[in-house]
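Report on the following structure.
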There are 2 protein chains.
Amino acid sequence: MTLIVQKYGGSSVANAERIKAVASRIVRRLEGGDQLVVVVSAMGDTTDELIDLAHQMTDRPEAREMDLLLSTGEIVSSTLLAMTLKQLGCPAVALSGAQAGIGTDRRYGRARILKVNPHRIERELAAGNAVIVAGFQGITEEMDITTLGRGGSDTTAVALAAALGAERCEIYTDVEGIHTADPRVEPNARKLPEISYEEMLELATYGARVMHNRAVELGAVYRVPIYVASSFTDSPGTLIHGGLTMMEQRNKVMGIAHDTNVARITIRGVPDRPGIAAALFEPLGQAGISVDTIVQNASVERLTDLTFTVSRSDLNRSLEIVRPLAAGIEAPEVLADTHLAKVSIVGSGMISGPGYAGRMFRALYEAGINIELITTSEIRITCLIDAGKAAEAVRALHTAFELEQT
Amino acid sequence: MTLIVQKYGGSSVANAERIKAVASRIVRRLEGGDQLVVVVSAMGDTTDELIDLAHQMTDRPEAREMDLLLSTGEIVSSTLLAMTLKQLGCPAVALSGAQAGIGTDRRYGRARILKVNPHRIERELAAGNAVIVAGFQGITEEMDITTLGRGGSDTTAVALAAALGAERCEIYTDVEGIHTADPRVEPNARKLPEISYEEMLELATYGARVMHNRAVELGAVYRVPIYVASSFTDSPGTLIHGGLTMMEQRNKVMGIAHDTNVARITIRGVPDRPGIAAALFEPLGQAGISVDTIVQNASVERLTDLTFTVSRSDLNRSLEIVRPLAAGIEAPEVLADTHLAKVSIVGSGMISGPGYAGRMFRALYEAGINIELITTSEIRITCLIDAGKAAEAVRALHTAFELEQT
């Protein structure tokens with residue numbers, strides 16, 4: 001028998017009817033002879049409703065109590081799904097994160113899974129049960145309930161797949177898989193049958209609409225193949241895996257990513273001496289602000305300009321931290337620019353194939369789009385451009401790299 | 001410092017505003033220097049809403065999953081109350097039944113508390129926290145979540161008070177305490193400042209509107225004083241206790257109880273031989289049906305009539321069990337009567353004082369009420385009467401025993 005871990009998101013279990021539809025899918029799959037562990041999110045907007053309820057009580061709900069409160073959402077959906085399966089004649093059992101053995105650290109609201117104790121799940125599987133697990137939650141050594149933060153249920157599913165040695169982890173959501181670009185921006189975007197973990201991670205915010213990076217990273221570390229598909233249709237989805245064969249066969253750009261949640265900060269006239277960069281970026285890291293791209297111009301008279309990007313939502317907090325630091329090192333000016341977007345070409349093959357950068361810059365030039373800044377990773381080239389040109393840039397690059405063709 | 005266990009029912013925490021009101025009461029109490037463990041029920045109709053949700057999925061929800069589902073209701077209210085207390089500057093922590101150490105057997109939907117492990121609560125109290133506990137729930141040795149059934153949160157509160165050696169257990173509800181009769185029936189009913197466990201237990205359904213017998217029994221066994229009062233007013237409530245002084249001082253009828261949820265079953269022509277009663281009543285007990293009053297007439301030609309009462313809601317199930325058994329022993333007839341009520345006088349002093357029964361029967365006679373059946377316990381005399389006369393009987397007895405006077 002093959003063991004599969006599935007995960008159904010909030011929109012897939014939003015109401016009684018959809019839970020029944022998910023139950024039917026599970027029954028069909030069990031009839032095929034697989035063993036199933038199914039991770040569920042909370043129904044529809046349940047989590048937001050619970051957060052609202054907490055904010056009716058207090059402006060700043062305590063993180064520990066908030067997690068205990070939020071954990072109820074996934075318990076409700078998991079018990080309802082298990083009941084429905086039994087009604088259909090399928091033996092099933094619902095487990096909370098704690099019962100499923102999801103052990104975490106104590107960072108309420110964004111806990112990390114430390115270990116998975118799979119004994120209870122294994123016992124239930126051996127007894128012939130489909131095991132329905134409340135996603136997004138775990139328990140500390142001190143028996144306190146935690147939640148895993150954004151992408152939590154995906155992370156639960158991948159962690160269980162790793163701990164149980166499952167054949168693969170299937171993420172069912174409201175999109176049909178990973179495309180060569182965001183289909184809302186590029187109507188010719190093509191669904192990819194497969195993609196590597198690394199490529200998926202480089203898709204950044206477009207990918208995050210489908211699955212949180214954190215779960216993909218976990219899949220990459222434990223080599224868990226992750227299949228992403230829609231729970232609303234039967235059309236094939238995308239397999240995220242690390243297969244070397246695939247990566248060697250394809251030697252080109254896999255897709256176009258873009259991100260409009262970008263702000264740029266430039267500190268003018270920074271003294272060019274050791275330790276300055278650390279003094280600037282350590283406080284940002286301590287504040288939980290992710291700095292994305294750092295460019296330092298060549299030094300002129302021992303003064304340099306330091307430019308970096310953050311999420312637009314982190315801009316104000318970043319400026320509050322950076323401005324006094326800049327003043328402290330006598331840098332005369334801090335500039336902020338929010339009207340920017342990132343557009344990237346992503347592909348595992350790019351590192352061993354020449355000419356991708358040139359082709360990208362030419363395509364943007366021919367579309368009349370100015371490049372503000374360029375950064376690269378091994379499998380990605382990113383250009384910072386005017387935010388108003390982002391969609392146009394995606395389409396120009398999609399065409400230039402012939403992604404609409406199979 | 002004095003340790004008090006409080007319990008707030010569903011109507012006391014029905015919405016954000018009421019939870020805030022409860023939080024204010026708790027803060028005032030803590031300012032008085034007491035240590036508090038507070039047990040809460042689910043908000044308002046939450047439990048019914050969760051049951052509805054389950055019935056949208058299946059006609060017969062599995063008991064194990066139902067308990068896991070229902071347990072979320074009390075977790076929500078306990079976390080919201082803890083958050084509110086912290087907002088008011090009062091250190092507090094919310095605990096699920098499992099975290100509070102409520103260990104039960106595996107009888108889902110009607111679990112019994114087997115043991116209480118008070119270590120976590122004691123640690124939180126020592127750390128200066130008010131401890132808010134989700135009522136109505138516990139956990140088995142196998143880490144499955146159970147619910148305690150009717151009166152569950154009261155039982156949680158009394159069990160915690162016993163395990164923690166609390167000074168007393170305070171039950172806050174939407175009634176102001178225990179009266180000499182149901183105030184909806186007898187407007188002259190007087191609130192009692194105190195009552196013994198035994199008297200409270202004999203109040204039957206009138207008492208059950210205030211507190212489930214199960215929690216009172218637990219209080220009696222562990223000698224936990226139970227104070228019942230309203231969470232909506234500050235007027236004094238009723239102390240349920242076993243104080244010998246009180247019982248000796250009062251040597252009269254304490255109150256009038258009545259119960260209209262009564263059905264009578266009579267089996268005619270039962271052979272008068274050993275084992276017949278067991279053969280009839282054991283199957284009823286196994287079906288969870290509580291038989292209240294059993295009367296067996298004197299035997300005529302080795303045949304007897306057997307009469308007993310059950311809750312009206314149990315009548316149909318009882319008849320399904322009794323009819324084939326009666327046929328099996330060749331009893332010719334099974335009669336059922338649903339138009340009956342029980343009315344009782346209750347008082348610890350009655351056993352040592354004469355004349356109570358006579359005074360009761362005369363009062364009913366003078367009110368023109370016929371007595372169908374009489375049973376007695378050490379502290380109670382009960383008459384079965386026509387259901388239509390129940391309210392009239394309560395008022396007649398309340399007047400006859402001068403209960404409106406202090």
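Please note that chains go A, B, ... in the order of the structure tokens, that every chain numbers its residues from 1, and that ligands are numbered from 1 in the order shown.
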Please tabulate, as a Markdown table, the residues of stretch 180-266 of chain A that come within 8 Å of stretch 344-348 of chain A, each with its closest pair of atoms and the distance in Å to one decimal, counting only C-alpha atoms and ordering rows by chain, then residue number upward.
| residue | atom | partner | partner_atom | distance |
| --- | --- | --- | --- | --- |
| A:Ser196 | CA | A:Ser348 | CA | 7.7 |
| A:Glu198 | CA | A:Ser348 | CA | 7.5 |
| A:Glu199 | CA | A:Gly347 | CA | 6.0 |
| A:Glu202 | CA | A:Val346 | CA | 6.6 |
| A:Leu203 | CA | A:Val346 | CA | 7.1 |
| A:Met247 | CA | A:Ser348 | CA | 6.3 |
| A:Arg250 | CA | A:Ser348 | CA | 7.8 |
| A:Asn251 | CA | A:Ser348 | CA | 7.1 |
| A:Lys252 | CA | A:Gly347 | CA | 6.0 |
| A:Val253 | CA | A:Gly347 | CA | 4.4 |
| A:Met254 | CA | A:Gly347 | CA | 4.7 |
| A:Gly255 | CA | A:Val346 | CA | 5.4 |
| A:Ile256 | CA | A:Ile345 | CA | 4.8 |
| A:Ala257 | CA | A:Ser344 | CA | 5.0 |
| A:His258 | CA | A:Ser344 | CA | 6.1 |
Keeping N, CA and C atoms for every residue in the selection just given, could you write it to a file as a PDB file, in the first residue's frame?
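Just written: out-v3.pdb:
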ATOM      1  N   SER A 196      11.220  22.214  -9.994  1.00  0.00           N
ATOM      2  CA  SER A 196      12.112  21.828  -8.889  1.00  0.00           C
ATOM      3  C   SER A 196      11.806  22.654  -7.653  1.00  0.00           C
ATOM      4  N   GLU A 198      13.824  24.364  -5.959  1.00  0.00           N
ATOM      5  CA  GLU A 198      14.551  25.632  -6.026  1.00  0.00           C
ATOM      6  C   GLU A 198      13.805  26.632  -6.903  1.00  0.00           C
ATOM      7  N   GLU A 199      13.311  26.149  -8.040  1.00  0.00           N
ATOM      8  CA  GLU A 199      12.545  27.030  -8.916  1.00  0.00           C
ATOM      9  C   GLU A 199      11.283  27.529  -8.216  1.00  0.00           C
ATOM     10  N   GLU A 202      12.021  30.288  -5.915  1.00  0.00           N
ATOM     11  CA  GLU A 202      12.339  31.549  -6.578  1.00  0.00           C
ATOM     12  C   GLU A 202      11.092  32.234  -7.130  1.00  0.00           C
ATOM     13  N   LEU A 203       9.973  31.523  -7.191  1.00  0.00           N
ATOM     14  CA  LEU A 203       8.760  32.150  -7.721  1.00  0.00           C
ATOM     15  C   LEU A 203       8.214  33.213  -6.768  1.00  0.00           C
ATOM     16  N   MET A 247      15.985  18.226 -13.981  1.00  0.00           N
ATOM     17  CA  MET A 247      16.735  19.468 -14.019  1.00  0.00           C
ATOM     18  C   MET A 247      17.746  19.475 -15.166  1.00  0.00           C
ATOM     19  N   ARG A 250      15.812  19.899 -18.804  1.00  0.00           N
ATOM     20  CA  ARG A 250      15.342  21.226 -19.160  1.00  0.00           C
ATOM     21  C   ARG A 250      16.476  22.218 -18.937  1.00  0.00           C
ATOM     22  N   ASN A 251      16.786  22.920 -19.941  1.00  0.00           N
ATOM     23  CA  ASN A 251      17.930  23.823 -19.864  1.00  0.00           C
ATOM     24  C   ASN A 251      17.490  25.210 -20.257  1.00  0.00           C
ATOM     25  N   LYS A 252      16.420  25.681 -19.619  1.00  0.00           N
ATOM     26  CA  LYS A 252      15.941  26.981 -20.045  1.00  0.00           C
ATOM     27  C   LYS A 252      15.117  27.655 -18.958  1.00  0.00           C
ATOM     28  N   VAL A 253      14.564  28.774 -19.282  1.00  0.00           N
ATOM     29  CA  VAL A 253      13.740  29.504 -18.325  1.00  0.00           C
ATOM     30  C   VAL A 253      12.427  28.745 -18.117  1.00  0.00           C
ATOM     31  N   MET A 254      12.087  28.532 -16.854  1.00  0.00           N
ATOM     32  CA  MET A 254      10.874  27.788 -16.522  1.00  0.00           C
ATOM     33  C   MET A 254       9.676  28.718 -16.380  1.00  0.00           C
ATOM     34  N   GLY A 255       9.883  29.893 -15.840  1.00  0.00           N
ATOM     35  CA  GLY A 255       8.732  30.773 -15.635  1.00  0.00           C
ATOM     36  C   GLY A 255       9.144  32.195 -15.292  1.00  0.00           C
ATOM     37  N   ILE A 256       8.144  33.072 -15.256  1.00  0.00           N
ATOM     38  CA  ILE A 256       8.336  34.490 -14.962  1.00  0.00           C
ATOM     39  C   ILE A 256       7.647  34.794 -13.631  1.00  0.00           C
ATOM     40  N   ALA A 257       8.403  35.341 -12.698  1.00  0.00           N
ATOM     41  CA  ALA A 257       7.803  35.729 -11.416  1.00  0.00           C
ATOM     42  C   ALA A 257       7.772  37.241 -11.318  1.00  0.00           C
ATOM     43  N   HIS A 258       6.787  37.766 -10.607  1.00  0.00           N
ATOM     44  CA  HIS A 258       6.820  39.203 -10.358  1.00  0.00           C
ATOM     45  C   HIS A 258       6.259  39.490  -8.976  1.00  0.00           C
TER      46      HIS A 258
END
(request) Up to 6 Å from chain B, what residues of chain A turn up? Count only C-alpha atoms and give them as a PyMOL selection string. (result) chain A and resi 57-58+61+65+69+72+76+79+83-84+87
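Among the candidates B:Ala331, B:Ala263, B:Ala278, B:Ile195, the residue lying nearest to B:Ser318 is B:Ala263 (atoms considered: only C-alpha atoms).
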Excluding A:Asp45 and residues on its chain fewer than 6 positions from it, collect all residues at most 9 Å away from it, counting only C-alpha atoms, and give them as a short mmCIF file (atom, residue, chain, number, x, y, z; two decimals) with N, CA and C atoms, in the first residue's frame.
data_model
loop_
_atom_site.label_atom_id
_atom_site.label_comp_id
_atom_site.auth_asym_id
_atom_site.auth_seq_id
_atom_site.Cartn_x
_atom_site.Cartn_y
_atom_site.Cartn_z
N GLY A 10 -8.50 26.09 3.21
CA GLY A 10 -9.74 26.63 3.76
C GLY A 10 -10.87 26.74 2.76
N SER A 11 -10.57 27.12 1.50
CA SER A 11 -11.65 27.25 0.53
C SER A 11 -12.18 25.88 0.12
N ALA A 14 -14.81 25.00 2.92
CA ALA A 14 -15.46 26.22 3.40
C ALA A 14 -16.85 26.00 3.99
#
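Here the strand (DSSP E or B) residues in stretch 43-123 of chain A, by DSSP on the backbone, are A:Ala92, A:Val93, A:Ala94, A:Leu95, A:Ile102, A:Gly103, A:Thr104, A:Ile113, A:Leu114, A:Lys115, A:Val116.
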(request) Quick one: pick out all helix (DSSP H, G or I) residues within stretch 78-208 of chain A from a backbone DSSP run and write them as a ChimeraX atom specification. (result) /A:78-87,119-126,152-164,197-202,204-208
(request) Choose the residue, out of B:Val158, B:Leu201, B:Met43, B:Leu403, that has the smallest atom-to-atom separation from B:Thr180; count only C-alpha atoms. (result) B:Leu403
(message) So that I can check the surroundings of B:Gln296, please list as an NGL selection string every protein, DNA and RNA residue that reaches within 10 Å of it, counting only C-alpha atoms and ignoring chain neighbours fewer than 3 positions away.
(response) :B and (266-267 or 270 or 272 or 277 or 299 or 304-308)
Just-selected residues, N, CA and C atoms written as a CSV table (one decimal), in the first residue's frame:
chain,number,residue,atom,x,y,z
B,266,THR,N,-47.1,0.7,33.9
B,266,THR,CA,-47.6,-0.4,34.8
B,266,THR,C,-47.6,-1.7,34.1
B,267,ILE,N,-47.0,-2.7,34.6
B,267,ILE,CA,-47.1,-4.1,34.0
B,267,ILE,C,-48.0,-4.9,34.9
B,270,VAL,N,-47.8,-9.7,36.8
B,270,VAL,CA,-46.5,-10.2,36.7
B,270,VAL,C,-46.4,-11.4,37.7
B,272,ASP,N,-45.2,-13.6,40.5
B,272,ASP,CA,-44.5,-13.2,41.7
B,272,ASP,C,-43.4,-14.3,42.0
B,277,ALA,N,-37.9,-9.1,38.8
B,277,ALA,CA,-37.6,-7.6,38.8
B,277,ALA,C,-36.3,-7.4,38.1
B,299,SER,N,-49.1,-9.4,46.4
B,299,SER,CA,-49.3,-10.5,45.5
B,299,SER,C,-50.7,-11.1,45.7
B,304,THR,N,-48.8,-10.1,40.5
B,304,THR,CA,-48.7,-8.8,41.1
B,304,THR,C,-48.7,-7.7,40.0
B,305,ASP,N,-49.0,-6.5,40.3
B,305,ASP,CA,-48.8,-5.4,39.4
B,305,ASP,C,-47.5,-4.6,39.7
B,306,LEU,N,-46.7,-4.3,38.7
B,306,LEU,CA,-45.5,-3.6,38.9
B,306,LEU,C,-45.6,-2.2,38.3
B,307,THR,N,-45.4,-1.2,39.1
B,307,THR,CA,-45.5,0.2,38.5
B,307,THR,C,-44.2,0.9,38.8
B,308,PHE,N,-43.8,1.7,37.8
B,308,PHE,CA,-42.6,2.5,37.9
B,308,PHE,C,-42.7,3.7,37.1
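The residue that comes closest to A:Gly285, out of A:Ala298, A:Val221, A:Val27, A:Val322 and on the basis of only C-alpha atoms, is A:Val322.
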(request) Extract, using only C-alpha atoms, all DNA, RNA and protein residues at most 9 Å from A:Ile178, discarding same-chain residues fewer than 2 positions from it, and format them as a VMD selection string. (result) chain A and resid 175 to 176 180 to 182 190 to 195 200 207 210 228 to 229 237 to 239
